[in-house]
Structures are given as C-alpha cells and as structure tokens.
Amino acid sequence: MLTWPVSEADRLSYVALGDSLTVGIGTPFMDPGFVERYLRYSEIALQKSIYLNVFARRGATTGEVLSLVKNPGVTHTIKEAEFITITAGGNDLIQAALTFLKEKDQSVFYAALDQCTENLSAILKHIHSAKAGGTPFMIRLVNLYNPLDEVEGSDIWVEKFNRHIESFAKDRHVKVADIFPLFNGNEDELLSADSIHPNAKGYEVIARAVANLGW
C-alpha cells in the first residue's frame, strides 16, 4: 500500500470476498495475488491510501462465500467499504465437473449453475442491504476461466456460467471483469503448476482486467 500521510477520514476501504483467487493460491508464499495487485492499481489511480480486508477461503463455493458474507463482522466491514471484489463460482463448476466425470450426467452442471446464480444473487442482495445508508460503493465481479480444458465440453459450461455472472452487471454498482478470453488458449502461460490456479502472471492479468473497469 502507499505510504503517504493520510487521516482515517481520507482513507478508503476495500473488501475482497471469495475463493482461492482472492486468497492468491498459486503464487509463491508472500507474492501478491490479484487482490494486492488491484489494490496497488487503485491507490495509484486515485492517489489515496486504501485499507484492505480479505474474507476468502481456498476451495470456497458460492454457498460458502454467501455464508462468509453473512457473518456480522464481515457485514459491518462491507458497510464501510467503497470497493468490493468477488471471485466465486469456479469451485461450483469444478465440483460439478468431478461429479460428471463419475456419473456422466449433465444435469449436475444445470444444478450447479442454478445454485451458483442463486447464491451470487443472494451475496449481492446482502451487500446492498449492508450498504443501505452507508458509503458509496462499487462491486467488481470476476468471471471464470476454464481450469478443466481436459474435460470435454467444459468450455461450454464455463461460458454458460459466465453469461449468468455477466447478467449481474445490470446492477449499476456492479461491473464484471471478463477474464475468460484472456486465459483461453494461454493456460500454459497463466496457470501455476497445479493447472488450476493462476500463477503470478495470471494474477496480474486478472488485476489489470479489474482495473480496466475503472473506478
């Protein structure tokens, strides 16, 4: 974060919510993930010091992110935040794909898509409720790349998930960072050794995509 003198009244607040991408899994220990990189972009763009709170867990589904957001302490922190980013949905898709590989039943993808959409809607509704009467704010959602390109037809389901995520941009507070085309075909360059999570270059791509949505 920037180090120029700033009073508490002038300090902005950023809450990062989500799954492994918000945690920064895939980079070496202490290396920045997309959250820290986006924070830096925001401080430079706004010439303001920004306080960061991260509420995320590796492997979290949208349902688990929803439970996290409803925690009273998290809700209070959200109420005071001007910037909110959310990464969620990838683990819903991965769990559905693993079930599909065992059962060969595409209905698991439809069920996961419906549940993901319902949970994201509830997350945004809860944020709006928390922000009622609070500070002005913006929400940045990050859509999905395909970490399962070896699964036949997986791109189709990633695109279906992403269409639903994009639908939330109808909310005037929400913009969606479209990272799918940035990762598509560049997985070898942008994913870490586990082929699931981004590497440092991948997180930089995500941070820039979110920053390019503006403030």
# chains A, B, ... in the order shown; residues from 1 in each chain; ligands from 1
>>> residues_around(residues="stretch 125-127 of chain A", least_positions_apart="3", cutoff="10 Å", atoms="only C-alpha atoms", output="MDAnalysis selection string")
chainID A and resid 66 69:70 75 78:79 84 119:122 130:132 139
>>> residues_around(residues="A:Cys116", least_positions_apart="5", cutoff="10 Å", atoms="only C-alpha atoms", output="number ranges by chain")
A: 61-63, 88-93, 110-111, 121-122, 161, 164-165
>>> write_last_selection(atoms="all heavy atoms", output="compact mmCIF listing (two decimals), in the first residue's frame")
# COMPACT_ATOMS: atom_id res chain seq x y z
N THR A 61 -17.06 -22.51 -2.29
CA THR A 61 -18.13 -22.42 -3.29
C THR A 61 -18.89 -21.11 -3.09
O THR A 61 -18.68 -20.40 -2.10
CB THR A 61 -19.10 -23.59 -3.14
OG1 THR A 61 -19.71 -23.50 -1.83
CG2 THR A 61 -18.38 -24.93 -3.28
N THR A 62 -19.81 -20.82 -4.00
CA THR A 62 -20.61 -19.61 -3.84
C THR A 62 -21.45 -19.68 -2.57
O THR A 62 -21.66 -18.66 -1.90
CB THR A 62 -21.54 -19.39 -5.05
OG1 THR A 62 -22.31 -20.58 -5.29
CG2 THR A 62 -20.75 -19.02 -6.30
N GLY A 63 -21.90 -20.88 -2.21
CA GLY A 63 -22.67 -21.03 -0.97
C GLY A 63 -21.83 -20.71 0.25
O GLY A 63 -22.31 -20.08 1.21
N ALA A 88 -16.02 -15.95 -7.26
CA ALA A 88 -16.81 -17.10 -6.80
C ALA A 88 -17.45 -17.76 -8.01
O ALA A 88 -17.78 -17.10 -8.98
CB ALA A 88 -17.89 -16.65 -5.81
N GLY A 89 -17.62 -19.06 -7.91
CA GLY A 89 -18.26 -19.83 -8.97
C GLY A 89 -17.38 -20.91 -9.54
O GLY A 89 -17.87 -21.94 -10.01
N GLY A 90 -16.08 -20.68 -9.52
CA GLY A 90 -15.16 -21.67 -10.08
C GLY A 90 -15.23 -23.01 -9.39
O GLY A 90 -15.18 -24.07 -10.04
N ASN A 91 -15.36 -23.00 -8.08
CA ASN A 91 -15.40 -24.26 -7.34
C ASN A 91 -16.74 -24.98 -7.51
O ASN A 91 -16.79 -26.22 -7.46
CB ASN A 91 -15.09 -24.02 -5.86
CG ASN A 91 -13.64 -23.65 -5.67
OD1 ASN A 91 -12.73 -24.36 -6.07
ND2 ASN A 91 -13.40 -22.48 -5.07
N ASP A 92 -17.82 -24.21 -7.71
CA ASP A 92 -19.10 -24.83 -8.03
C ASP A 92 -18.96 -25.62 -9.34
O ASP A 92 -19.43 -26.75 -9.46
CB ASP A 92 -20.18 -23.76 -8.21
CG ASP A 92 -20.40 -22.93 -6.96
OD1 ASP A 92 -19.46 -22.24 -6.52
OD2 ASP A 92 -21.50 -22.95 -6.42
N LEU A 93 -18.29 -25.00 -10.32
CA LEU A 93 -18.09 -25.64 -11.62
C LEU A 93 -17.19 -26.86 -11.50
O LEU A 93 -17.48 -27.93 -12.07
CB LEU A 93 -17.49 -24.64 -12.60
CG LEU A 93 -17.16 -25.16 -14.00
CD1 LEU A 93 -18.43 -25.60 -14.71
CD2 LEU A 93 -16.43 -24.10 -14.81
N TYR A 110 -26.35 -28.27 -14.71
CA TYR A 110 -27.51 -27.39 -14.61
C TYR A 110 -27.81 -27.06 -13.15
O TYR A 110 -28.12 -25.90 -12.82
CB TYR A 110 -28.74 -28.05 -15.26
CG TYR A 110 -28.68 -28.10 -16.76
CD1 TYR A 110 -28.40 -29.29 -17.42
CD2 TYR A 110 -28.90 -26.95 -17.52
CE1 TYR A 110 -28.35 -29.34 -18.81
CE2 TYR A 110 -28.85 -27.00 -18.91
CZ TYR A 110 -28.57 -28.19 -19.54
OH TYR A 110 -28.50 -28.24 -20.92
N ALA A 111 -27.73 -28.06 -12.29
CA ALA A 111 -27.99 -27.83 -10.87
C ALA A 111 -26.95 -26.88 -10.28
O ALA A 111 -27.30 -25.97 -9.51
CB ALA A 111 -27.97 -29.16 -10.11
N SER A 121 -26.67 -14.04 -6.44
CA SER A 121 -27.75 -13.06 -6.27
C SER A 121 -27.94 -12.73 -4.79
O SER A 121 -28.10 -11.56 -4.41
CB SER A 121 -29.04 -13.62 -6.86
OG SER A 121 -30.11 -12.70 -6.69
N ALA A 122 -27.89 -13.76 -3.94
CA ALA A 122 -28.05 -13.54 -2.50
C ALA A 122 -26.87 -12.77 -1.92
O ALA A 122 -27.05 -11.93 -1.02
CB ALA A 122 -28.20 -14.89 -1.80
N PHE A 161 -21.89 -20.38 -17.32
CA PHE A 161 -21.70 -19.74 -16.01
C PHE A 161 -21.42 -18.25 -16.20
O PHE A 161 -21.96 -17.41 -15.48
CB PHE A 161 -20.54 -20.41 -15.26
CG PHE A 161 -20.95 -21.59 -14.41
CD1 PHE A 161 -21.44 -22.76 -14.98
CD2 PHE A 161 -20.84 -21.54 -13.03
CE1 PHE A 161 -21.80 -23.85 -14.21
CE2 PHE A 161 -21.20 -22.63 -12.23
CZ PHE A 161 -21.68 -23.78 -12.83
N HIS A 164 -24.37 -15.99 -16.94
CA HIS A 164 -25.14 -15.69 -15.73
C HIS A 164 -24.42 -14.67 -14.85
O HIS A 164 -25.05 -13.77 -14.29
CB HIS A 164 -25.41 -16.98 -14.95
CG HIS A 164 -26.52 -17.80 -15.52
ND1 HIS A 164 -27.76 -17.91 -14.94
CD2 HIS A 164 -26.57 -18.55 -16.65
CE1 HIS A 164 -28.54 -18.69 -15.68
NE2 HIS A 164 -27.84 -19.10 -16.72
N ILE A 165 -23.11 -14.79 -14.74
CA ILE A 165 -22.34 -13.80 -13.96
C ILE A 165 -22.47 -12.43 -14.61
O ILE A 165 -22.67 -11.42 -13.92
CB ILE A 165 -20.87 -14.24 -13.85
CG1 ILE A 165 -20.75 -15.51 -12.99
CG2 ILE A 165 -20.01 -13.11 -13.26
CD1 ILE A 165 -19.37 -16.12 -12.98
>>> select_by_dssp(residues="chain A", states="helix (DSSP H, G or I)", output="ChimeraX atom specification")
/A:20-23,34-46,62-69,72-79,90-103,107-131,154-170,180-183,187-190,200-211
>>> residues_around(residues="stretch 170-187 of chain A", least_positions_apart="3", cutoff="8 Å", atoms="only C-alpha atoms", output="short mmCIF file (atom, residue, chain, number, x, y, z; two decimals) with C-alpha atoms, in the first residue's frame")
data_model
loop_
_atom_site.label_atom_id
_atom_site.label_comp_id
_atom_site.auth_asym_id
_atom_site.auth_seq_id
_atom_site.Cartn_x
_atom_site.Cartn_y
_atom_site.Cartn_z
CA PHE A 137 -19.55 1.76 -3.29
CA MET A 138 -18.72 -0.31 -6.33
CA ILE A 139 -18.63 -4.08 -6.82
CA ARG A 140 -16.34 -5.88 -9.24
CA LEU A 141 -17.14 -9.49 -10.10
CA VAL A 142 -14.54 -11.67 -11.80
CA ASN A 143 -15.92 -14.25 -14.20
CA LEU A 144 -14.45 -17.71 -14.84
CA TYR A 145 -11.62 -19.04 -16.96
CA ASN A 146 -11.58 -22.76 -17.75
CA ILE A 165 -22.34 -13.80 -13.96
CA GLU A 166 -22.48 -11.09 -16.65
CA SER A 167 -26.22 -10.68 -16.01
CA LEU A 190 -1.01 -18.08 -16.98
CA LEU A 191 -1.71 -21.07 -14.73
CA SER A 195 -3.07 -26.24 -13.76
CA GLY A 202 -2.15 -14.87 -14.37
CA VAL A 205 -3.84 -10.37 -15.93
CA ILE A 206 -6.82 -10.57 -13.55
CA ALA A 209 -8.81 -6.70 -16.15
CA VAL A 210 -10.49 -5.49 -12.97
CA LEU A 213 -13.19 -1.40 -15.50
#
>>> residues_around(residues="A:Ala81", least_positions_apart="5", cutoff="8 Å", atoms="only C-alpha atoms", output="PyMOL selection string")
chain A and resi 12-15+135+137
>>> residues_around(residues="A:Pro136", least_positions_apart="6", cutoff="9 Å", atoms="only C-alpha atoms", output="VMD selection string")
chain A and resid 80 to 83
>>> closest_residue(among="A:Tyr38, A:Phe109, A:Tyr51, A:Phe29", to="A:Asp10", atoms="only C-alpha atoms")
A:Tyr51
>>> closest_residue(among="A:Glu64, A:Gly24, A:Lys48, A:Gly18", to="A:Gln115", atoms="only C-alpha atoms")
A:Glu64
